[in-house]
Structures are given as C-alpha cells and as structure tokens.
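Just below is one structure, and these are the notes that go with it.
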Amino acid sequence: MSLKLAPSDYEIYLPIAEWIEKNVKEWLFTQRPLFKKLSAPIETVLNSLDSLFNLIPFPIAILIFIFFAYRTNGLKFSCLTVIGLVFIDLVDLWSESMTTLAMIFTAVIFCIIIGIPLGILSSRSKTFEIIMRPILDIMQTIPSFVYLIPVVMLFGIGLTPGVVATIIFALPPIIRLTNLGIRQVGKGFKEAGSSLGLTKLLILIKIEMPLALKTIMAGINQTLMLALSMVVIAALIGAGGLGLTVYVALGRLDIGSAVIGGTAIVILAIILDRITQKIIKA
Amino acid sequence: MKYLKNLVLVLLTLAISSASNAAEIKMAKANWDTGYFQAEVYKQALEKMGYTVAEPKAMKPSVFYLAAAAGDLDLWVNGWFGTHDGYISEAKGKVKAVGNVMAKGGLQGYLVDKKTADKHGIKSVMDIKKHAKQFDSNGDGKADMVACPPGWGCEKQISKHFAELGLGEFINPIQADYSASMADAIAKFKNGKSVLFYTWTPNWTVGALELGKDIVWIEVPYSQTKSVKVSNATKSKINMGFAADDIRPAANVDFLKANPKVEKMLKKASIPLADIAAQNMKMNQGEKSERAIKKHASAWIKANQSTFDSWLK
C-alpha cells in the first residue's frame with residue numbers, strides 16, 4: 001500500500017471542515033434569539049400537550065385509547081392495547097410514555113402544518129418539485145447526528161429542540177405523499193369541476209384533496225413512525241420521555257431498563273400504527 | 001458477465017490478503033478527543049516494538065472496561081484513576097491499571113461564568129442556591145447544570161455530591177449528551193446568559209470558554225476531598241469535589257501476562273502535562289482531525305526521541 005495514488009497522499013487538502021468550523025459555528029451561536037422565537041409555537045403546543053397528557057388520569061387515558069382501538073380495529077386489538085398500556089404503567093414508564101406521545105404528536109402536527117402546503121405546492125409546480133426533491137432526499141438520508149449539534153446551538157437543549165430535530169427527520173414523507181396523492185387525481189375529475197365553474201382553489205379543496213386523502217393519510221402514518229424512531233436520538237439533546245430511559249440505560253449498560261424502555265416504545269408504535277393504518281383504509 | 005466474475009474474484013482475494021492478522025493488539029481510545037494524542041503516541045510506541053496495532057476505536061469508559069474484561073480489547077491509555085476505580089473493581093481482576101501517562105494530570109470540577117460569579121459573589125456551589133433562577137432556562141426554578149452523561153465515571157461522583165450536599169434541591173443536572181449540553185452552554189454564554197457546568201481538563205471546553213477570563217472553578221464542599229491550590233478558581237484554595245486524577249493505561253491482565261514487554265513499556269512511559277496541554281491547545285485552534293493528531297504525535301516523538309527510545313528498552 002505504499003503507492004501514492006490518491007491526491008491526499010501529496011498533502012493536498014481541502015480545508016472545508018475548518019472553514020465551516022470558523023465561520024458557520026460563530027454565526028450559529030449568534031442566531032439563537034431569532035430561532036428561539038421561531039420555535040415558540042412548537043414549545044407552546046408541546047408544553048400544553050405534555051401537561052395535558054400527564055394530567056389525564058390513567059383510566060380515562062385507557063378509555064380514550066380503547067375507543068380509538070375498538071372503532072378502528074375491533075375488540076381483539078383493543079384488548080391488546082389495554083394489556084400493552086397497563087404493562088407500560090406497571091413498569092413505571094407511564095409519564096415518560098405520555099411525554100414521548102406529546103413529543104410525537106407535536107412533531108406530527110407541525111409536519112402536517114408545514115408538509116401539506118409544501119406538498120400542494122410541489123404538485124402545482126414542476127420547478128418547485130425539482131427543487132424540493134434533493135432537499136427531501138438530504139433530509140431523509142443525512143445522519144441526524146450531523147444536525148443535532150447545530151439544532152442545540154440554535155434552539156438550546158430540552159424537549160423543544162428534540163421536536164425540531166424530529167420534524168426535520170419526519171417531514172419528507174408527508175410532502176412526498178401529498179404531492180403524489182394530488183398528482184394521481186384523474187384529469188376527468190378536475191375537468192368536471194372546472195366545467196361546473198369551480199375556481200382552482202375550490203377544485204383543490206372540494207375535489208383534489210378529498211381524492212388524495214388516502215395517500216396523504218399514508219404520508220401522515222409514515223411521518224408518525226419516523227417521529228417515533230427519532231425518540232431515542234432526540235434524548236441525546238435533552239428531550240426526556242422514553243428515549244431518555246433508553247439512552248440512560250445505554251450509557252450505564254443497564255440492560256433491564258433498556259429492554260423495558262424499548263418495549264414501551266414498541267407498544268406505542270404498534271398502537272399508533274394500527275390505529276392510523278385503519279383510518280387510512282376506512 | 002465473465003469479466004464481472006473475475007473482478008469479484010480479484011477483489012475478494014485482495015480483501016482476504018489484506019485482512020488483519022490475528023496477532024495484532026486491539027487498542028481502544030477514549031471518546032473525548034483530548035485523549036486521542038496520548039493514544040496515538042502509545043500506539044506508535046507499540047508499533048516500534050514490532051506489534052501490529054489496529055486503529056484504536058473511540059468508546060466510553062463503561063464500554064471499554066467491559067470489553068477489556070471479556071478480552072475483546074487489550075488496552076487503552078485513557079484511564080482516569082480514581083474516577084475509574086469502580087470499573088476496575090467491577091472487572092473482577094481481569095483489568096488493571098499499569099504505569100502513568102500523566103500523574104495527577106486530570107482536574108475535574110464545577111465552573112461558573114466569571115461575570116455571574118463576580119456579580120453575585122458566587123464562590124461555592126452552595127451559593128447557587130440563592131441565585132438558582134439566574135441559571136434556570138427551563139423554568140422549573142432550579143439551576144440547570146451541564147453534568148456528566150450516564151455511563152461516565154464522573155456521573156457517580158456527581159451523584160455523591162448531590163446526595164451529600166443536597167444539590168438536587170436547587171440544581172437540575174441536564175441529562176443529555178455531553179457535547180450537546182456543552183454546545184448549549186456555550187451558546188448561552190455567547191448570548192450573555194449565565195452558565196453552570198461540570199468539566200475536566202485537559203479538554204476542549206476550556207478552549208472554547210477561557211479559564212480565568214470567561215469561566216472560573218467554584219468550590220464543591222464535599223467531605224471526601226480536600227482543598228487544594230488551583231489557579232482560575234473563585235478562591236486561591238478550593239475544594240474541587242474531585243481528587244486530581246492520574247491518567248493511566250488500563251489493560252487486560254491476561255494480555256499483559258502474555259506480553260510482558262508491553263507491560264514493561266507501559267510502566268516506563270509517560271508524557272509531561274505541559275506537552276499534552278500544548279497539543280490540546282493546537283486542537284482548540286482547529287487542528288483536530290485524525291490526520292493532524294497523528295502528525296502531532298509523530299512530532300512529539302521526534303522531539304523527545306531519546307525519552308521515547310528509553311521506553312522501549
């Protein structure tokens with residue numbers, strides 16, 4: 001291996017990392033007040049959901065879950081839901097689970113608020129879609145560890161930055177599938193609409209969105225699942241909940257806590273996935 | 001198709017022939033980058049002795065001591081004793097510390113930004129009680145402190161402080177990744193907010209926030225440690241709450257038995273504190289890539305060739 005074939009063997013080096021370190025890092029530090037303001041709505045929604053979920057007494061929370069589980073998947077699944085939730089409470093992870101749930105819901109709500117309009121825009125304009133595609137590819141493939149520290153510099157540490165990181169990771173599918181859903185609506189429907197004298201906006205609301213709803217819901221389901229998979233990583237930047245249980249267990253090589261924390265995440269994932277899946281099909 | 005098959009065959013043969021042989025030393029290094037330099041110097045020493053050394057993998061202490069006890073790893077030179085004493089006893093005689101990289105080289109303690117310390121007269125961690133709001137960012141009324149992440153040796157010591165001094169009543173240790181929490185603390189500092197954090201030296205944190213100018217050590221009146229003279233503290237003599245640690249190699253006992261030459265070298269070798277501090281300073285100034293650290297190690301060996309050679313005799 002002594003052949004000098006690569007350019008770096010000749011002391012040629014691109015100091016990009018140093019440049020970013022020197023220029024971008026300082027800039028990031030100074031932008032904090034602005035980004036704190038931007039994340040204020042996320043913080044409000046998150047804190048209210050978190051305190052709401054933790055306030056709901058256990059039996060009522062169970063009843064709410066049973067209601068949705070029964071309506072969507074029937075008796076057998078609602079029994080399994082109850083067993084799963086009682087298990088979470090018995091291993092003393094109920095409040096962590098509620099915090100995690102609040103985080104996921106907040107992330108999904110903001111993904112919907114940001115994602116659906118962007119999806120609609122992509123379906124309207126070819127140029128916009130072409131611009132969006134590489135951005136979405138990057139968001140989905142870049143390791144989240146890369147943007148974790150910049151997120152901390154801008155938004156601080158805690159639940160809110162955790163949700164911001166989750167949104168970055170979970171946003172792409174909803175944009176993609178909203179775009180796809182609207183593009184799949186047959187030309188005939190739209191022509192029928194315009195022949196009835198509907199404006200473009202009305203065609204979108206009355207015809208395209210309802211017909212694309214199933215695909216959009218599939219996007220929401222995927223976003224939800226991606227958000228759940230970020231739970232543990234978000235714990236690295238101080239987001240509490242089940243992720244923290246697993247992260248702490250990982251650090252201390254505490255296999256017991258890691259297993260119950262992981263199991264609780266799986267239980268939440270299965271319940272949320274089955275319920276949203278059935279809503280799509282209904 | 002035929003070419004493809006040949007190509008795969010050639011690549012496979014190359015891969016197998018270049019695969020590492022079994023006799024190499026499996027070394028690890030700490031996942032704090034100020035320890036990389038020592039690891040590289042020791043690695044080059046082992047190579048000079050004729051061993052093949054696999055590129056050291058960075059890991060947490062808890063993982064290293066577990067793997068070393070199982071024999072999956074042979075050694076590292078980033079042990080901090082007393083902080084890591086607990087891990088050695090957990091390893092039940094399968095891992096031991098040998099020699100000294102740097103005796104009494106590791107300082108640890110709690111720090112506050114100088115501005116706040118001067119303004120509110122904070123000299124000790126107990127003074128935080130009255131000014132907890134100053135350090136509070138999540139609105140729970142308690143001061144937020146960047147503490148040790150779970151799995152680091154210092155985490156246990158910090159929980160002892162919290163238990164004995166009742167710090168939990170007014171301090172909330174942040175549970176997150178250390179670099180992330182420190183990034184947050186630095187951002188707070190740069191925006192004029194007060195910061196309270198745990199750190200150790202040598203470390204990059206005291207490069208980002210300058211000791212004495214930006215930040216100062218504060219006292220932790222913990223009963224098991226004594227007051228010592230420390231520069232850049234709120235008083236000339238403070239109790240840091242941590243004893244100064246010896247930075248020492250730790251190795252699998254069976255490995256040392258099988259390789260007495262390595263044990264002899266580890267017992268002889270050491271690196272002066274000033275040299276490590278100088279190298280860490282270079283890292284703070286941006287020379288922190290693996291490539292740069294390797295260069296620093298080679299340069300240090302060249303400058304101290306006779307000392308280095310004496311380790312190997």
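Letters A, B, ... go to the chains of the structure tokens in the order shown; residues in each chain start at 1; ligands are counted from 1 in the same order.
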
Residues of chain B were defined as contacting chain A if any atom lay at most 10 Å from it, counting only C-alpha atoms; please report them as a ChimeraX atom specification. /B:18,60-63,66,137-138,149-153,155,174-191,285-289

Counting only C-alpha atoms, give me one row per residue of range 87-153 of chain A with an atom at most 12 Å from an atom of range 56-59 of chain A, showing the shortest contact pair and its distance in Å to one decimal, sorted by chain then residue number, as a tab-separated table.
residue	atom	partner	partner_atom	distance
A:Ile88	CA	A:Phe58	CA	11.2
A:Asp89	CA	A:Phe58	CA	8.7
A:Leu90	CA	A:Phe58	CA	11.7
A:Trp94	CA	A:Phe58	CA	8.7
A:Ser95	CA	A:Phe58	CA	10.0
A:Ser97	CA	A:Phe58	CA	11.9
A:Met98	CA	A:Ile56	CA	9.7

List the neighbours of range 214-226 of chain B out to 8 Å using only C-alpha atoms; skip same-chain residues closer than 6 positions along the sequence, and give me the result as number ranges by chain. B: 109-115, 117, 122-126, 161, 164-165, 232-234, 238-243

File dump, residues just selected, N, CA and C atoms, as a CSV table (one decimal), in the first residue's frame:
chain,number,residue,atom,x,y,z
B,109,GLY,N,-14.1,19.5,37.9
B,109,GLY,CA,-14.8,20.3,38.8
B,109,GLY,C,-16.0,21.0,38.2
B,110,TYR,N,-16.6,21.9,39.0
B,110,TYR,CA,-17.8,22.7,38.5
B,110,TYR,C,-17.3,24.1,38.2
B,111,LEU,N,-17.9,24.7,37.1
B,111,LEU,CA,-17.5,26.0,36.7
B,111,LEU,C,-18.7,26.9,36.5
B,112,VAL,N,-18.5,28.2,36.7
B,112,VAL,CA,-19.5,29.2,36.5
B,112,VAL,C,-18.9,30.3,35.7
B,113,ASP,N,-19.6,31.0,34.8
B,113,ASP,CA,-19.0,32.1,34.1
B,113,ASP,C,-18.6,33.2,35.0
B,114,LYS,N,-17.5,33.8,34.7
B,114,LYS,CA,-16.8,34.7,35.6
B,114,LYS,C,-17.7,35.9,35.9
B,115,LYS,N,-18.4,36.4,34.9
B,115,LYS,CA,-19.3,37.6,35.1
B,115,LYS,C,-20.3,37.4,36.2
B,117,ALA,N,-20.3,35.0,38.5
B,117,ALA,CA,-19.6,34.7,39.7
B,117,ALA,C,-19.3,36.0,40.4
B,122,ILE,N,-20.6,34.5,43.8
B,122,ILE,CA,-20.7,33.0,43.9
B,122,ILE,C,-19.3,32.4,44.0
B,123,LYS,N,-19.0,31.8,45.1
B,123,LYS,CA,-17.7,31.2,45.3
B,123,LYS,C,-17.8,29.7,45.4
B,124,SER,N,-18.9,29.2,45.9
B,124,SER,CA,-19.1,27.8,46.1
B,124,SER,C,-20.4,27.4,45.4
B,125,VAL,N,-20.5,26.1,45.2
B,125,VAL,CA,-21.7,25.6,44.6
B,125,VAL,C,-22.9,25.8,45.5
B,126,MET,N,-22.7,25.9,46.8
B,126,MET,CA,-23.8,26.2,47.7
B,126,MET,C,-24.4,27.6,47.5
B,161,HIS,N,-22.0,14.0,45.2
B,161,HIS,CA,-22.1,15.4,45.6
B,161,HIS,C,-23.6,15.7,45.9
B,164,GLU,N,-24.8,14.1,49.1
B,164,GLU,CA,-24.3,14.6,50.4
B,164,GLU,C,-24.7,16.1,50.7
B,165,LEU,N,-24.6,16.9,49.6
B,165,LEU,CA,-24.8,18.4,49.8
B,165,LEU,C,-26.2,18.8,49.5
B,232,ASN,N,-7.2,30.0,38.6
B,232,ASN,CA,-8.5,30.3,37.9
B,232,ASN,C,-9.7,29.8,38.7
B,233,ALA,N,-9.6,29.8,40.0
B,233,ALA,CA,-10.8,29.5,40.8
B,233,ALA,C,-11.3,30.7,41.5
B,234,THR,N,-12.5,30.6,42.2
B,234,THR,CA,-13.1,31.7,42.9
B,234,THR,C,-12.2,32.1,44.1
B,238,ILE,N,-9.3,25.9,46.8
B,238,ILE,CA,-10.7,25.5,46.9
B,238,ILE,C,-10.7,23.9,46.9
B,239,ASN,N,-11.9,23.4,47.4
B,239,ASN,CA,-12.2,22.0,47.3
B,239,ASN,C,-12.9,21.8,46.0
B,240,MET,N,-12.3,21.0,45.1
B,240,MET,CA,-12.9,20.9,43.8
B,240,MET,C,-14.1,19.8,43.8
B,241,GLY,N,-14.1,19.0,44.8
B,241,GLY,CA,-15.1,18.0,44.9
B,241,GLY,C,-14.6,16.7,44.2
B,242,PHE,N,-13.5,16.8,43.5
B,242,PHE,CA,-12.9,15.6,42.8
B,242,PHE,C,-11.4,15.7,43.2
B,243,ALA,N,-10.8,14.5,43.5
B,243,ALA,CA,-9.4,14.4,43.6
B,243,ALA,C,-8.8,14.5,42.2

Could you give me the residues within range 102-275 of chain B that DSSP places in alpha helix (DSSP H), as an MDAnalysis selection string? chainID B and resid 114:120 153:165 178:190 205:208 253:258 260:268 273:275

May I have the selected residues written with C-alpha atoms, as a compact mmCIF listing (two decimals), in the first residue's frame?
# COMPACT_ATOMS: atom_id res chain seq x y z
CA LYS B 114 -16.85 34.72 35.63
CA LYS B 115 -19.28 37.59 35.06
CA THR B 116 -22.05 35.96 37.07
CA ALA B 117 -19.64 34.72 39.74
CA ASP B 118 -18.30 38.25 40.28
CA LYS B 119 -21.68 39.93 40.13
CA HIS B 120 -23.44 37.67 42.62
CA GLY B 153 -17.13 7.70 35.69
CA CYS B 154 -17.76 11.25 36.91
CA GLU B 155 -21.51 10.65 36.89
CA LYS B 156 -21.18 8.56 40.05
CA GLN B 157 -19.07 11.19 41.81
CA ILE B 158 -21.54 13.92 40.89
CA SER B 159 -24.44 11.91 42.28
CA LYS B 160 -22.46 11.55 45.52
CA HIS B 161 -22.12 15.36 45.65
CA PHE B 162 -25.83 15.72 45.05
CA ALA B 163 -26.67 13.24 47.78
CA GLU B 164 -24.32 14.65 50.42
CA LEU B 165 -24.81 18.36 49.78
CA TYR B 178 -22.18 15.99 26.98
CA SER B 179 -21.16 17.72 23.72
CA ALA B 180 -24.74 18.72 23.05
CA SER B 181 -25.20 20.13 26.56
CA MET B 182 -21.89 21.99 26.28
CA ALA B 183 -22.86 23.40 22.88
CA ASP B 184 -25.96 24.75 24.57
CA ALA B 185 -23.92 26.21 27.45
CA ILE B 186 -21.52 27.91 25.04
CA ALA B 187 -24.40 29.37 23.05
CA LYS B 188 -25.95 30.66 26.28
CA PHE B 189 -22.62 32.20 27.29
CA LYS B 190 -22.20 33.90 23.92
CA THR B 205 -14.35 23.14 26.71
CA VAL B 206 -11.71 25.27 28.43
CA GLY B 207 -10.54 26.29 24.97
CA ALA B 208 -13.97 27.44 23.85
CA VAL B 253 -4.48 -8.86 32.71
CA ASP B 254 -4.10 -11.95 30.50
CA PHE B 255 -2.85 -9.79 27.67
CA LEU B 256 -0.17 -8.30 29.94
CA LYS B 257 0.87 -11.77 31.10
CA ALA B 258 1.25 -12.90 27.52
CA PRO B 260 5.49 -8.77 29.44
CA LYS B 261 7.32 -6.43 27.05
CA VAL B 262 4.22 -4.32 26.71
CA GLU B 263 3.80 -4.13 30.48
CA LYS B 264 7.41 -3.04 30.86
CA MET B 265 6.92 -0.29 28.28
CA LEU B 266 3.68 0.94 29.88
CA LYS B 267 5.43 1.16 33.25
CA LYS B 268 8.21 3.30 31.83
CA LEU B 273 1.38 17.52 31.31
CA ALA B 274 2.70 20.62 29.57
CA ASP B 275 3.16 18.74 26.28

Between CA of Glu290 in chain B and CA of Pro56 in chain B, what is the distance in Å, rounded to a tenth? 11.3 Å

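Excluding Thr72 in chain A itself and any same-chain residue fewer than 2 positions from it, the protein and nucleic acid residues within 9 Å of it, counting only C-alpha atoms, are A:Phe67, A:Phe68, A:Ala69, A:Tyr70, A:Gly74, A:Phe77, A:Arg274, A:Ile275, A:Thr276, A:Gln277, A:Lys278, A:Ile279, A:Ala282.
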
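In this model, the gap between CA of Phe308 in chain B and CA of Arg248 in chain B comes to 17.0 Å.
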
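A straight line drawn from CA of Ile88 in chain B to CA of Asn259 in chain B is 20.1 Å long.
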